[in-house]
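A.B. asks: What follows is start34.txt, made up of compact mmCIF, C-alpha atoms:
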# COMPACT_ATOMS: atom_id res chain seq x y z
CA MET F 358 -31.31 6.77 2.66
CA THR F 359 -30.70 4.61 5.71
CA GLY F 360 -27.85 2.17 5.25
CA TYR F 361 -26.22 -0.66 7.14
CA LEU F 362 -22.61 -1.73 7.54
CA SER F 363 -22.66 -5.43 8.35
CA LEU F 364 -19.55 -7.32 9.46
CA GLU F 365 -19.09 -11.04 8.91
CA ASN F 366 -19.09 -11.64 12.67
CA GLY F 367 -22.72 -10.43 12.75
CA THR F 368 -22.16 -6.90 14.05
CA VAL F 369 -24.28 -4.28 12.27
CA PHE F 370 -23.84 -0.49 12.24
CA LYS F 371 -26.43 2.00 11.02
CA GLY F 372 -25.88 5.28 9.18
CA GLU F 373 -26.82 7.35 6.15
CA LEU F 374 -25.98 5.64 2.86
CA PHE F 375 -25.09 7.43 -0.37
CA SER F 376 -24.94 5.03 -3.30
CA ALA F 377 -25.78 5.04 -6.99
CA SER F 378 -26.94 1.44 -6.69
CA LYS F 379 -29.01 -0.45 -4.16
CA SER F 380 -26.93 -3.59 -4.73
CA PRO F 381 -24.91 -4.70 -1.68
CA VAL F 382 -21.18 -3.95 -1.78
CA ILE F 383 -18.78 -6.42 -0.14
CA GLY F 384 -15.12 -5.84 0.71
CA GLU F 385 -12.57 -6.33 3.45
CA ILE F 386 -13.09 -3.72 6.14
CA VAL F 387 -10.00 -1.86 7.39
CA PHE F 388 -9.35 1.43 9.17
CA PHE F 389 -7.04 4.36 8.48
CA THR F 390 -5.85 6.58 11.33
CA GLY F 391 -4.56 9.67 9.47
CA MET F 392 -6.18 13.09 9.89
CA THR F 393 -5.43 13.92 6.23
CA GLY F 394 -4.55 12.04 3.05
CA TYR F 395 -7.98 10.62 2.26
CA GLN F 396 -7.56 11.24 -1.49
CA GLU F 397 -4.28 9.30 -1.56
CA VAL F 398 -5.90 6.47 0.41
CA LEU F 399 -8.90 6.21 -1.92
CA THR F 400 -6.65 5.93 -4.99
CA ASP F 401 -3.87 3.75 -3.52
CA PRO F 402 -3.93 0.38 -5.38
CA SER F 403 -3.04 -1.37 -2.11
CA TYR F 404 -6.61 -0.62 -0.94
CA LYS F 405 -8.20 -2.49 -3.85
CA ASP F 406 -11.56 -4.03 -2.89
CA GLN F 407 -11.40 -2.75 0.70
CA ILE F 408 -14.00 -0.79 2.65
CA VAL F 409 -12.08 1.94 4.47
CA VAL F 410 -13.17 3.35 7.82
CA PHE F 411 -11.65 6.77 8.51
CA THR F 412 -11.04 7.16 12.23
CA TYR F 413 -10.74 10.97 12.20
CA PRO F 414 -14.27 12.32 12.76
CA LEU F 415 -14.23 14.92 9.94
CA ILE F 416 -13.16 13.76 6.45
CA GLY F 417 -13.34 15.88 3.31
CA GLN F 418 -12.71 19.35 4.72
CA TYR F 419 -10.10 20.31 2.09
CA GLY F 420 -11.83 18.70 -0.88
CA VAL F 421 -10.23 16.77 -3.74
CA ASN F 422 -7.66 18.10 -6.23
CA GLU F 423 -6.15 17.01 -9.54
CA GLY F 424 -2.64 16.22 -8.28
CA ASP F 425 -2.76 13.99 -5.20
CA SER F 426 -4.25 10.78 -6.58
CA GLU F 427 -2.01 7.70 -6.48
CA SER F 428 -3.73 6.10 -9.49
CA ALA F 429 -6.12 7.17 -12.22
CA VAL F 430 -9.27 5.94 -10.45
CA PRO F 431 -10.41 5.18 -6.88
CA GLN F 432 -9.55 1.65 -5.75
CA VAL F 433 -11.67 1.22 -2.61
CA LYS F 434 -14.98 -0.64 -2.52
CA GLY F 435 -16.60 1.76 -0.03
CA VAL F 436 -15.98 4.49 2.54
CA ILE F 437 -17.23 4.82 6.13
CA MET F 438 -17.09 8.20 7.94
CA LEU F 439 -18.63 9.96 10.91
CA HIS F 440 -18.91 13.36 9.19
CA CYS F 441 -18.25 14.48 5.60
CA PRO F 442 -18.97 18.19 4.90
CA ASP F 443 -20.65 19.53 1.78
CA THR F 444 -18.30 22.54 1.73
CA TYR F 445 -14.52 22.46 1.48
CA SER F 446 -11.62 24.90 1.54
CA HIS F 447 -8.30 24.56 -0.29
CA TYR F 448 -6.77 26.62 -3.07
CA GLN F 449 -6.06 23.52 -5.20
CA ALA F 450 -9.39 21.75 -4.65
CA THR F 451 -11.64 21.16 -7.65
CA SER F 452 -14.52 19.30 -6.00
CA SER F 453 -15.84 18.12 -2.66
CA LEU F 454 -15.13 14.60 -1.44
CA LYS F 455 -18.84 13.79 -1.75
CA GLU F 456 -18.88 14.93 -5.38
CA TYR F 457 -15.77 12.86 -6.08
CA LEU F 458 -17.29 9.70 -4.58
CA HIS F 459 -20.55 10.28 -6.48
CA LYS F 460 -18.62 10.74 -9.73
CA TRP F 461 -16.92 7.37 -9.39
CA GLU F 462 -19.99 5.65 -7.90
CA ILE F 463 -18.17 4.71 -4.70
CA PRO F 464 -20.77 4.03 -1.98
CA TYR F 465 -20.17 5.76 1.32
CA MET F 466 -21.83 6.08 4.69
CA THR F 467 -21.84 8.91 7.21
CA GLY F 468 -23.23 9.14 10.73
CA VAL F 469 -21.63 5.79 11.56
CA ASP F 470 -20.12 5.21 15.01
CA THR F 471 -16.62 4.84 13.53
CA ARG F 472 -15.01 4.61 16.97
CA GLN F 473 -17.02 1.48 17.74
CA VAL F 474 -16.36 0.03 14.26
CA VAL F 475 -12.62 0.40 14.83
CA LYS F 476 -12.83 -1.11 18.32
CA THR F 477 -14.59 -4.12 16.78
CA ILE F 478 -11.91 -4.53 14.10
CA ARG F 479 -9.12 -4.20 16.67
CA GLU F 480 -10.71 -6.88 18.84
CA LEU F 481 -11.83 -9.35 16.16
CA GLY F 482 -9.55 -8.49 13.25
CA SER F 483 -10.01 -7.34 9.66
CA GLN F 484 -12.89 -9.21 8.04
CA ASN F 485 -15.39 -8.99 5.22
CA ALA F 486 -18.10 -6.36 5.47
CA CYS F 487 -21.15 -5.37 3.47
CA ILE F 488 -22.66 -1.95 2.74
CA SER F 489 -26.36 -2.26 1.93
CA THR F 490 -29.84 -0.84 2.46
CA ALA F 491 -30.61 -3.76 4.80
CA PRO F 492 -28.55 -5.81 7.26
CA ASP F 493 -26.76 -8.32 5.05
CA ILE F 494 -24.03 -10.42 6.72
CA PRO F 495 -21.28 -11.28 4.18
CA ALA F 496 -19.65 -14.67 3.81
CA SER F 497 -16.19 -15.15 5.30
CA GLU F 498 -14.39 -16.39 2.21
CA LYS F 499 -11.05 -14.73 1.51
CA LEU F 500 -11.04 -12.12 -1.24
CA LYS F 501 -8.41 -12.84 -3.90
CA GLY F 502 -7.05 -11.52 -7.18
CA GLN F 503 -6.62 -7.85 -6.27
CA ILE F 504 -3.09 -7.59 -7.74
CA GLN F 505 -4.30 -8.71 -11.17
CA LYS F 506 -6.87 -5.89 -11.11
CA VAL F 507 -4.45 -3.03 -10.41
CA ALA F 508 -1.06 -3.95 -11.94
CA SER F 509 -0.19 -2.43 -15.31
CA ALA F 510 -0.42 -4.58 -18.43
CA GLU F 511 2.22 -2.84 -20.55
CA LEU F 512 5.73 -1.45 -20.20
CA ASN F 513 5.82 2.24 -19.33
CA HIS F 514 8.90 4.46 -19.30
CA VAL F 515 9.16 7.62 -17.17
CA GLY F 516 12.04 10.03 -16.62
CA SER F 517 15.40 10.56 -18.29
CA GLY F 518 17.92 10.19 -15.46
CA GLU F 519 21.27 8.47 -15.85
CA VAL F 520 20.35 5.56 -13.56
CA HIS F 521 17.95 3.08 -15.17
CA VAL F 522 15.62 1.40 -12.68
CA ALA F 523 13.15 -1.38 -13.46
CA LEU F 524 10.05 -1.06 -11.31
CA LEU F 525 8.17 -4.35 -11.04
CA ASP F 526 4.53 -3.37 -10.77
CA PHE F 527 2.20 -5.22 -8.39
CA GLY F 528 -0.01 -2.13 -7.94
CA VAL F 529 2.43 0.76 -7.72
CA LYS F 530 1.60 4.17 -6.27
CA LYS F 531 2.27 7.14 -8.54
CA SER F 532 4.39 8.86 -5.88
CA ILE F 533 6.90 5.98 -5.80
CA ILE F 534 7.60 6.57 -9.49
CA THR F 535 7.80 10.33 -8.86
CA SER F 536 10.27 9.82 -6.00
CA LEU F 537 12.56 7.72 -8.21
CA VAL F 538 12.42 10.20 -11.08
CA ASN F 539 13.27 13.00 -8.65
CA MET F 540 16.36 10.97 -7.66
CA ASP F 541 17.68 11.26 -11.25
CA CYS F 542 16.40 7.82 -12.25
CA SER F 543 15.00 6.68 -15.56
CA VAL F 544 12.18 4.30 -14.62
CA THR F 545 10.74 1.46 -16.68
CA VAL F 546 7.55 0.10 -15.14
CA VAL F 547 7.35 -3.64 -15.83
CA PRO F 548 4.14 -5.68 -15.26
CA TYR F 549 4.75 -8.31 -12.58
CA ASP F 550 3.59 -11.11 -14.88
CA ARG F 551 6.08 -10.10 -17.58
CA ILE F 552 9.16 -10.25 -15.38
CA GLU F 553 11.09 -12.00 -18.16
CA LEU F 554 11.27 -8.62 -19.94
CA LEU F 555 14.05 -7.68 -17.52
CA GLU F 556 16.33 -9.88 -19.63
CA THR F 557 16.14 -7.39 -22.50
CA LEU F 558 16.39 -4.15 -20.52
CA LYS F 559 19.66 -2.49 -19.62
CA VAL F 560 18.85 -1.83 -16.00
CA ASP F 561 21.00 -0.72 -13.10
CA ALA F 562 18.62 -1.72 -10.31
CA LEU F 563 15.24 -3.15 -9.38
CA VAL F 564 12.37 -1.77 -7.31
CA ILE F 565 9.54 -4.11 -6.29
CA SER F 566 6.36 -2.13 -5.71
CA ASN F 567 3.60 -2.08 -3.18
CA GLY F 568 0.32 -3.82 -3.95
CA PRO F 569 -2.83 -5.32 -2.42
CA GLY F 570 -3.59 -8.72 -0.98
CA ASP F 571 -1.66 -11.73 0.27
CA PRO F 572 1.96 -11.91 -0.99
CA LYS F 573 1.75 -15.71 -1.11
CA GLU F 574 -0.67 -15.40 -4.04
CA MET F 575 2.45 -14.50 -6.05
CA ALA F 576 4.18 -17.84 -5.40
CA ASP F 577 4.61 -18.52 -9.13
CA VAL F 578 6.65 -15.34 -9.56
CA LEU F 579 9.07 -15.98 -6.68
CA PRO F 580 11.68 -18.28 -8.34
CA LYS F 581 12.36 -15.86 -11.20
CA LEU F 582 12.11 -12.88 -8.86
CA LYS F 583 14.82 -14.38 -6.67
CA GLU F 584 17.25 -14.44 -9.61
CA TYR F 585 16.88 -10.71 -10.21
CA ILE F 586 16.92 -9.79 -6.53
CA LEU F 587 20.28 -11.53 -6.11
CA ALA F 588 21.67 -10.02 -9.33
CA LEU F 589 20.68 -6.36 -8.98
CA PRO F 590 20.62 -3.65 -6.31
CA THR F 591 17.04 -4.05 -5.10
CA LEU F 592 14.54 -2.04 -3.08
CA GLY F 593 11.22 -3.54 -1.96
CA ILE F 594 8.36 -1.40 -0.65
CA CYS F 595 5.43 -2.81 1.36
CA LEU F 596 4.27 -5.85 -0.67
CA GLY F 597 7.69 -5.72 -2.36
CA HIS F 598 9.33 -6.11 1.04
CA GLN F 599 7.23 -9.19 1.75
CA LEU F 600 8.01 -10.68 -1.66
CA ILE F 601 11.76 -10.27 -1.11
CA ALA F 602 11.46 -12.19 2.16
CA LEU F 603 9.40 -14.96 0.55
CA ALA F 604 11.67 -15.22 -2.50
CA LEU F 605 14.75 -15.71 -0.33
CA GLY F 606 13.12 -18.33 1.89
CA GLY F 607 11.34 -16.35 4.62
CA ASN F 608 7.70 -16.44 5.63
CA THR F 609 4.81 -14.02 6.11
CA ARG F 610 1.67 -14.08 8.21
CA LYS F 611 -1.48 -11.99 8.46
CA LEU F 612 -1.80 -9.42 11.23
CA LEU F 613 -4.99 -9.23 13.27
CA PHE F 614 -6.00 -5.85 11.86
CA GLY F 615 -2.96 -4.54 9.98
CA HIS F 616 -1.15 -1.20 10.09
CA ARG F 617 -2.77 1.72 8.25
CA GLY F 618 -2.17 5.38 8.86
CA ALA F 619 0.37 8.19 8.69
CA ASN F 620 1.75 8.02 12.20
CA HIS F 621 3.38 4.62 12.82
CA PRO F 622 6.72 4.86 14.68
CA VAL F 623 9.55 2.72 13.26
CA ILE F 624 13.08 2.33 14.62
CA ASP F 625 16.08 1.88 12.35
CA HIS F 626 18.43 -0.37 14.33
CA GLU F 627 21.36 0.68 12.14
CA THR F 628 21.14 4.31 13.28
CA GLY F 629 19.01 4.08 16.42
CA GLN F 630 16.67 6.73 14.97
CA VAL F 631 12.89 6.52 15.30
CA TYR F 632 10.81 7.75 12.35
CA LEU F 633 7.10 8.37 11.85
CA THR F 634 5.95 6.44 8.81
CA SER F 635 2.99 5.99 6.52
CA GLN F 636 1.77 2.38 6.36
CA ASN F 637 -0.86 0.21 4.69
CA HIS F 638 -0.52 -3.55 5.07
CA ASN F 639 -2.25 -6.64 6.44
CA TYR F 640 0.72 -9.01 6.29
CA VAL F 641 4.08 -9.04 8.05
CA VAL F 642 7.40 -10.87 7.64
CA GLU F 643 8.12 -13.35 10.44
CA ASP F 644 11.42 -12.52 12.13
CA GLU F 645 12.14 -16.15 13.05
CA SER F 646 11.83 -17.26 9.40
CA LEU F 647 14.83 -15.21 8.21
CA GLN F 648 17.66 -17.30 9.70
CA ASP F 649 18.88 -18.86 6.43
CA THR F 650 17.83 -16.12 4.00
CA GLY F 651 20.85 -13.83 4.19
CA LEU F 652 18.48 -11.07 5.34
CA ASN F 653 18.79 -9.20 8.62
CA PRO F 654 15.83 -7.39 10.19
CA ARG F 655 16.83 -3.72 10.30
CA PHE F 656 13.58 -1.82 10.97
CA PHE F 657 11.02 -2.63 13.67
CA ASN F 658 7.62 -1.23 14.59
CA VAL F 659 7.91 0.53 17.95
CA ASN F 660 4.33 -0.29 18.90
CA ASP F 661 4.30 -4.07 18.37
CA ASP F 662 7.93 -4.94 17.51
CA SER F 663 6.95 -6.40 14.13
CA VAL F 664 9.53 -6.42 11.32
CA GLU F 665 9.37 -3.23 9.24
CA GLY F 666 12.36 -3.68 6.96
CA LEU F 667 15.26 -5.91 5.93
CA GLN F 668 18.83 -5.58 4.72
CA HIS F 669 20.89 -8.32 3.12
CA LYS F 670 24.13 -9.26 4.86
CA THR F 671 26.33 -9.06 1.75
CA LYS F 672 24.25 -7.81 -1.20
CA PRO F 673 22.66 -4.39 -1.94
CA ILE F 674 19.14 -5.56 -1.06
CA LEU F 675 16.96 -3.30 1.08
CA SER F 676 13.27 -3.56 1.90
CA VAL F 677 10.80 -1.54 3.95
CA GLN F 678 7.27 -2.38 5.06
CA PHE F 679 6.38 1.31 5.33
CA HIS F 680 6.08 3.87 2.52
CA PRO F 681 9.14 6.12 2.07
CA GLU F 682 7.42 8.10 -0.69
CA ALA F 683 5.37 9.61 2.17
CA ARG F 684 2.06 10.42 0.53
CA PRO F 685 0.08 10.54 2.71
CA GLY F 686 2.25 10.87 5.79
CA PRO F 687 5.43 12.42 7.13
CA GLU F 688 8.61 12.66 5.08
CA ASP F 689 10.84 11.12 7.76
CA ALA F 690 11.57 7.95 5.77
CA SER F 691 12.36 9.52 2.38
CA TYR F 692 16.07 8.89 3.03
CA ILE F 693 15.42 5.27 2.00
CA PHE F 694 15.43 6.36 -1.64
CA GLU F 695 18.77 8.14 -1.21
CA GLU F 696 20.27 5.05 0.42
CA PHE F 697 19.00 2.89 -2.44
CA TYR F 698 20.37 5.34 -5.01
CA GLN F 699 23.80 5.30 -3.38
CA SER F 700 23.86 1.49 -3.48
CA ILE F 701 23.38 1.69 -7.26
CA LYS F 702 26.11 4.29 -7.70
CA GLN F 703 28.79 2.34 -5.85
CA PRO F 704 32.00 2.20 -7.93
CA GLY F 705 32.41 -0.95 -10.00
CA ARG F 706 28.71 -1.68 -10.44
CA GLU F 707 27.80 -2.51 -14.04
CA LYS F 708 24.60 -3.32 -15.84
CA ILE F 709 23.99 -7.05 -15.50
CA TYR F 710 21.29 -7.50 -18.14
CA ALA F 711 21.73 -6.17 -21.66
Please go through the file and, once you have read it, give me the structure as C-alpha cells.
C.D. replies:
Amino acid sequence: MTGYLSLENGTVFKGELFSASKSPVIGEIVFFTGMTGYQEVLTDPSYKDQIVVFTYPLIGQYGVNEGDSESAVPQVKGVIMLHCPDTYSHYQATSSLKEYLHKWEIPYMTGVDTRQVVKTIRELGSQNACISTAPDIPASEKLKGQIQKVASAELNHVGSGEVHVALLDFGVKKSIITSLVNMDCSVTVVPYDRIELLETLKVDALVISNGPGDPKEMADVLPKLKEYILALPTLGICLGHQLIALALGGNTRKLLFGHRGANHPVIDHETGQVYLTSQNHNYVVEDESLQDTGLNPRFFNVNDDSVEGLQHKTKPILSVQFHPEARPGPEDASYIFEEFYQSIKQPGREKIYA
C-alpha cells in the first residue's frame, strides 16, 4: 500500500508501506550510514523508539540469521529503505529481512528517496517522524523513557573468568557482554535502577553500558554512580561515557543529527592513531565542561572534533563514545577492552566491595 513518512517540520516523503497495522507509528527519525549491519542496528537497544533510515540503497541482501542480534527482539519503531530484496544469500541466513520485519510487526517503507530524507535530517536535525497511510505530521514533544523499556530487571551472571566485572545495564548490547567474557571476565549484569546491589557483589571493576535517550534523564542515579566510578576501575561505553562525564561534574548536549554508522574516524591523542569506529549517539560531552572533573579528553572525532572518549588524570577510569565491541563495524577499537582489562590486573588492586 502507499505510505507516507512525515517529519515534524512538515516535510512528507512517499513510498510503499508494509505494516500489519494501519495505525500511525511515531518515533525519532535518524539515519545509519553502514553498508552492512542492519540486523545489529534493528536489535540494538540504543535505537529504542527510533525510525531508522538506511542510507545504503540496498538493504537486506544477506538476510537475517540467528546469531547477530544485539537483543532478543527488534528495538526500532520503523525502517525506511530505498530497496529491500525478496531474495537473500548467506550461508547462515534463516530468513529474509522482509520476513523478519513482518514477524515482529515492524512497519517499513521502501521506494523512499532516502538521500533526500538524510539531507533533510542533516540540515534540520533529528526530529520526530510518523509512518502512516496518510500524511500525518507528528508533534514535536521529546520522546522519553526509552532506558526503562530496554534495561534488564534482574541480575544476570555470564562467564566464569577470574576477573569479576559488574556491568551496569542501561540497555546493553549482547556483544559487549561477549567481548568481556572473551577477555576472561566473569560478568554480572546489574539493572541500572538497582545499583545498590554492587555493595554485596565482590567485583573487580565496573562497566557502564550503552543505552538510548538523553543521559540527563538518569540524574537520580548519578550521585551513587559517582561513588562506584571513583572506587573501581571503570569503563563507560556510549551512554556510559556520557554518564561518567555527568557524574563527575561535566555536561552533555544534543548534536544536530548525531553520529550513526560503521565508518566514523576517531583519533586517540595518546597514541596519535586514527581508528574507524562504529557509533550510535545523539548526545556528546562538552569539552569545556571537563575542567574540574579530573577527566581529560583523549579521543576526538576527526570529522567534527567532538569528544569521543575520556581518561581520568589519576584513576583507572576510561570512557569511549564509540563502540569497541565492533558489531556492526570495524574491529579497530577492540583494544579498548584490553586496556580496560590491564587496568584491572594492575598489581595491588583488590576487591573494594565484599
A.B. asks: Show me, as a PyMOL selection string, the residues that have an atom within 7 Å of stretch 641-647 of chain F when counting all atoms listed in the file, minus same-chain residues fewer than 4 positions from it.
C.D. replies: chain F and resi 599+602+607-612+652+664
A.B. asks: Find the nearest atom pair between each residue of stretch 412-487 of chain F and stretch 520-539 of chain F for residues within 10 Å, count only C-alpha atoms, give distances in Å to one decimal, sort rows by chain and ascending number, and present the table as CSV.
C.D. replies:
residue,atom,partner,partner_atom,distance
F:Asp425,CA,F:Ser532,CA,8.8
F:Ser426,CA,F:Lys531,CA,7.7
F:Glu427,CA,F:Lys531,CA,4.8
F:Ser428,CA,F:Lys531,CA,6.2
F:Ala429,CA,F:Lys531,CA,9.2
A.B. asks: For the point (25.0, 0.6, 11.6) in file coordinates, what residues are within 12 Å, counting all atoms listed in the file? Give the answer as an mmCIF file with C-alpha atoms, keeping the file's coordinate frame?
C.D. replies:
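In the end it all went to selection05.cif:
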data_model
loop_
_atom_site.group_PDB
_atom_site.id
_atom_site.type_symbol
_atom_site.label_atom_id
_atom_site.label_comp_id
_atom_site.auth_asym_id
_atom_site.auth_seq_id
_atom_site.Cartn_x
_atom_site.Cartn_y
_atom_site.Cartn_z
ATOM 1 C CA ASP F 625 16.080 1.880 12.350
ATOM 2 C CA HIS F 626 18.430 -0.370 14.330
ATOM 3 C CA GLU F 627 21.360 0.680 12.140
ATOM 4 C CA THR F 628 21.140 4.310 13.280
ATOM 5 C CA GLY F 629 19.010 4.080 16.420
ATOM 6 C CA GLN F 630 16.670 6.730 14.970
ATOM 7 C CA ASN F 653 18.790 -9.200 8.620
ATOM 8 C CA ARG F 655 16.830 -3.720 10.300
ATOM 9 C CA PHE F 656 13.580 -1.820 10.970
ATOM 10 C CA GLN F 668 18.830 -5.580 4.720
ATOM 11 C CA LYS F 670 24.130 -9.260 4.860
#
A.B. asks: May I ask for the distance between atom CA of F:Ser663 and atom CA of F:Glu682, given in Å to one decimal place?
C.D. replies: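 Separating atom CA of F:Ser663 from atom CA of F:Glu682 is a distance of 20.7 Å.
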A.B. asks: Pick out the closest residue to F:Ala496 from this set: F:Asp550, F:Glu365, F:Asp561, F:Glu511. Count all atoms listed in the file.
C.D. replies: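 Looking only at the distances to F:Ala496, the closest residue turns out to be F:Glu365.
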A.B. asks: Near F:Val515, within 7 Å and counting only C-alpha atoms, which residues show up once chain neighbours fewer than 3 positions away are dropped, as a list in words?
C.D. replies: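 Near neighbours after the sequence-gap exclusion: Ser543, Val544 and Thr545 of chain F.
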A.B. asks: Could you write out that same residue set with C-alpha atoms as an mmCIF file, in the coordinates of the input?
C.D. replies:
data_model
loop_
_atom_site.group_PDB
_atom_site.id
_atom_site.type_symbol
_atom_site.label_atom_id
_atom_site.label_comp_id
_atom_site.auth_asym_id
_atom_site.auth_seq_id
_atom_site.Cartn_x
_atom_site.Cartn_y
_atom_site.Cartn_z
ATOM 1 C CA SER F 543 15.000 6.680 -15.560
ATOM 2 C CA VAL F 544 12.180 4.300 -14.620
ATOM 3 C CA THR F 545 10.740 1.460 -16.680
#
A.B. asks: I'd like the interatomic distance between atom CA of F:Leu481 and atom CA of F:Gly468, to a tenth of an Å.
C.D. replies: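 Between atom CA of F:Leu481 and atom CA of F:Gly468 the gap works out to 22.4 Å.
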A.B. asks: May I ask which of the residues F:Lys434, F:Arg551, F:Lys371, F:Lys405 is the closest one to F:Lys581, counting only C-alpha atoms?
C.D. replies: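 Of F:Lys434, F:Arg551, F:Lys371, F:Lys405, the one nearest F:Lys581, counting only C-alpha atoms, is F:Arg551.
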A.B. asks: What's around F:Leu399 at 9 Å? Count all atoms listed in the file, leave out sequence neighbours fewer than 5 positions away in its own chain, and write the answer as a PyMOL selection string.
C.D. replies: chain F and resi 394+404-405+409+426-427+430-433+436
A.B. asks: Would you list the contacts of F:Tyr445 as a list in words, taking every protein, DNA or RNA residue within 9 Å and counting all atoms listed in the file, but skipping same-chain residues closer than 5 positions in sequence?
C.D. replies: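 The neighbour list is Gly417, Gln418, Tyr419, Gly420, Val421, Ala450, Ser452, Ser453 and Leu454 of chain F.
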A.B. asks: Taking all atoms listed in the file into account, name the residue in F:Gln503, F:Gln449, F:Gln484, F:Gln636 that is nearest to F:Pro622.
C.D. replies: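 So, comparing all the options, the nearest one is F:Gln636.
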A.B. asks: Would you please work out which residue, of F:Pro580, F:Pro492, F:Gly666, F:Gly391, is nearest to F:Val623 when using all atoms listed in the file?
C.D. replies: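 So, comparing all the options, the nearest one is F:Gly666.
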A.B. asks: Using only C-alpha atoms, which of F:Phe389, F:Tyr640, F:Trp461, F:Tyr549 sits nearest F:Pro572?
C.D. replies: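 Ranked by minimum distance to F:Pro572, first place goes to F:Tyr640.
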A.B. asks: Of the residues F:Asn637, F:Ser676, F:Thr412, F:Asn660, which is the one nearest to F:Ile478, using all atoms listed in the file?
C.D. replies: F:Thr412
A.B. asks: Go ahead and compute the interatomic distance for atom CA of F:Ser380 and atom CA of F:Ile416, in Å to one decimal.
C.D. replies: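 Between atom CA of F:Ser380 and atom CA of F:Ile416 the gap works out to 24.8 Å.
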A.B. asks: Which residues come within 12 Å of F:Val475, counting only C-alpha atoms, excluding same-chain residues fewer than 3 positions away, as a list in words?
C.D. replies: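 Contacts, in chain order: Leu364, Phe370, Ile386, Val387, Phe388, Phe389, Thr390, Val409, Val410, Phe411, Thr412, Tyr413, Ile437, Met438, Leu439, Val469, Asp470, Thr471, Arg472, Ile478, Arg479, Glu480, Leu481, Gly482, Ser483, Gln484, Phe614, Gly615 and Arg617 of chain F.
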A.B. asks: Counting all atoms listed in the file, find the residues whose atoms lie at most 12 Å from (-8.1, -11.5, -1.7) (file coordinates) and write them out as a list in words.
C.D. replies: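 Residues lying no farther than 12 Å from the given point: Ile383, Gly384, Glu385, Ser403, Tyr404, Lys405, Asp406, Gln407, Gln484, Asn485, Ser497, Glu498, Lys499, Leu500, Lys501, Gly502, Gln503, Ile504, Gln505, Lys506, Gly568, Pro569, Gly570, Asp571, Pro572, Lys573, Glu574, Met575 and Asn639 of chain F.
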A.B. asks: Write to file, as a short mmCIF file (atom, residue, chain, number, x, y, z; two decimals), in the frame of the given file, the residues of the selection just made, with C-alpha atoms.
C.D. replies:
data_model
loop_
_atom_site.label_atom_id
_atom_site.label_comp_id
_atom_site.auth_asym_id
_atom_site.auth_seq_id
_atom_site.Cartn_x
_atom_site.Cartn_y
_atom_site.Cartn_z
CA ILE F 383 -18.78 -6.42 -0.14
CA GLY F 384 -15.12 -5.84 0.71
CA GLU F 385 -12.57 -6.33 3.45
CA SER F 403 -3.04 -1.37 -2.11
CA TYR F 404 -6.61 -0.62 -0.94
CA LYS F 405 -8.20 -2.49 -3.85
CA ASP F 406 -11.56 -4.03 -2.89
CA GLN F 407 -11.40 -2.75 0.70
CA GLN F 484 -12.89 -9.21 8.04
CA ASN F 485 -15.39 -8.99 5.22
CA SER F 497 -16.19 -15.15 5.30
CA GLU F 498 -14.39 -16.39 2.21
CA LYS F 499 -11.05 -14.73 1.51
CA LEU F 500 -11.04 -12.12 -1.24
CA LYS F 501 -8.41 -12.84 -3.90
CA GLY F 502 -7.05 -11.52 -7.18
CA GLN F 503 -6.62 -7.85 -6.27
CA ILE F 504 -3.09 -7.59 -7.74
CA GLN F 505 -4.30 -8.71 -11.17
CA LYS F 506 -6.87 -5.89 -11.11
CA GLY F 568 0.32 -3.82 -3.95
CA PRO F 569 -2.83 -5.32 -2.42
CA GLY F 570 -3.59 -8.72 -0.98
CA ASP F 571 -1.66 -11.73 0.27
CA PRO F 572 1.96 -11.91 -0.99
CA LYS F 573 1.75 -15.71 -1.11
CA GLU F 574 -0.67 -15.40 -4.04
CA MET F 575 2.45 -14.50 -6.05
CA ASN F 639 -2.25 -6.64 6.44
#
A.B. asks: Complete the atom set of stretch 685-695 of chain F to N, CA and C atoms and return it as a PDB file, in the frame of the given file.
C.D. replies:
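Contents of rebuild_38.pdb, freshly written:
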ATOM      1  N   PRO F 685       0.068   9.523   1.665  1.00  0.00           N
ATOM      2  CA  PRO F 685       0.080  10.540   2.710  1.00  0.00           C
ATOM      3  C   PRO F 685       1.038  10.166   3.831  1.00  0.00           C
ATOM      4  N   GLY F 686       1.404  11.161   4.639  1.00  0.00           N
ATOM      5  CA  GLY F 686       2.250  10.870   5.790  1.00  0.00           C
ATOM      6  C   GLY F 686       3.444  11.772   5.900  1.00  0.00           C
ATOM      7  N   PRO F 687       4.231  11.606   6.947  1.00  0.00           N
ATOM      8  CA  PRO F 687       5.430  12.420   7.130  1.00  0.00           C
ATOM      9  C   PRO F 687       6.524  12.037   6.145  1.00  0.00           C
ATOM     10  N   GLU F 688       7.522  12.904   6.019  1.00  0.00           N
ATOM     11  CA  GLU F 688       8.610  12.660   5.080  1.00  0.00           C
ATOM     12  C   GLU F 688       9.848  12.091   5.769  1.00  0.00           C
ATOM     13  N   ASP F 689       9.699  11.627   6.988  1.00  0.00           N
ATOM     14  CA  ASP F 689      10.840  11.120   7.760  1.00  0.00           C
ATOM     15  C   ASP F 689      11.629  10.055   7.006  1.00  0.00           C
ATOM     16  N   ALA F 690      10.928   9.150   6.324  1.00  0.00           N
ATOM     17  CA  ALA F 690      11.570   7.950   5.770  1.00  0.00           C
ATOM     18  C   ALA F 690      12.030   8.125   4.327  1.00  0.00           C
ATOM     19  N   SER F 691      11.984   9.329   3.782  1.00  0.00           N
ATOM     20  CA  SER F 691      12.360   9.520   2.380  1.00  0.00           C
ATOM     21  C   SER F 691      13.839   9.236   2.128  1.00  0.00           C
ATOM     22  N   TYR F 692      14.649   9.191   3.194  1.00  0.00           N
ATOM     23  CA  TYR F 692      16.070   8.890   3.030  1.00  0.00           C
ATOM     24  C   TYR F 692      16.301   7.484   2.474  1.00  0.00           C
ATOM     25  N   ILE F 693      15.298   6.627   2.547  1.00  0.00           N
ATOM     26  CA  ILE F 693      15.420   5.270   2.000  1.00  0.00           C
ATOM     27  C   ILE F 693      15.752   5.321   0.511  1.00  0.00           C
ATOM     28  N   PHE F 694      15.135   6.241  -0.217  1.00  0.00           N
ATOM     29  CA  PHE F 694      15.430   6.360  -1.640  1.00  0.00           C
ATOM     30  C   PHE F 694      16.877   6.793  -1.885  1.00  0.00           C
ATOM     31  N   GLU F 695      17.378   7.702  -1.070  1.00  0.00           N
ATOM     32  CA  GLU F 695      18.770   8.140  -1.210  1.00  0.00           C
ATOM     33  C   GLU F 695      19.720   6.988  -0.926  1.00  0.00           C
TER      34      GLU F 695
END
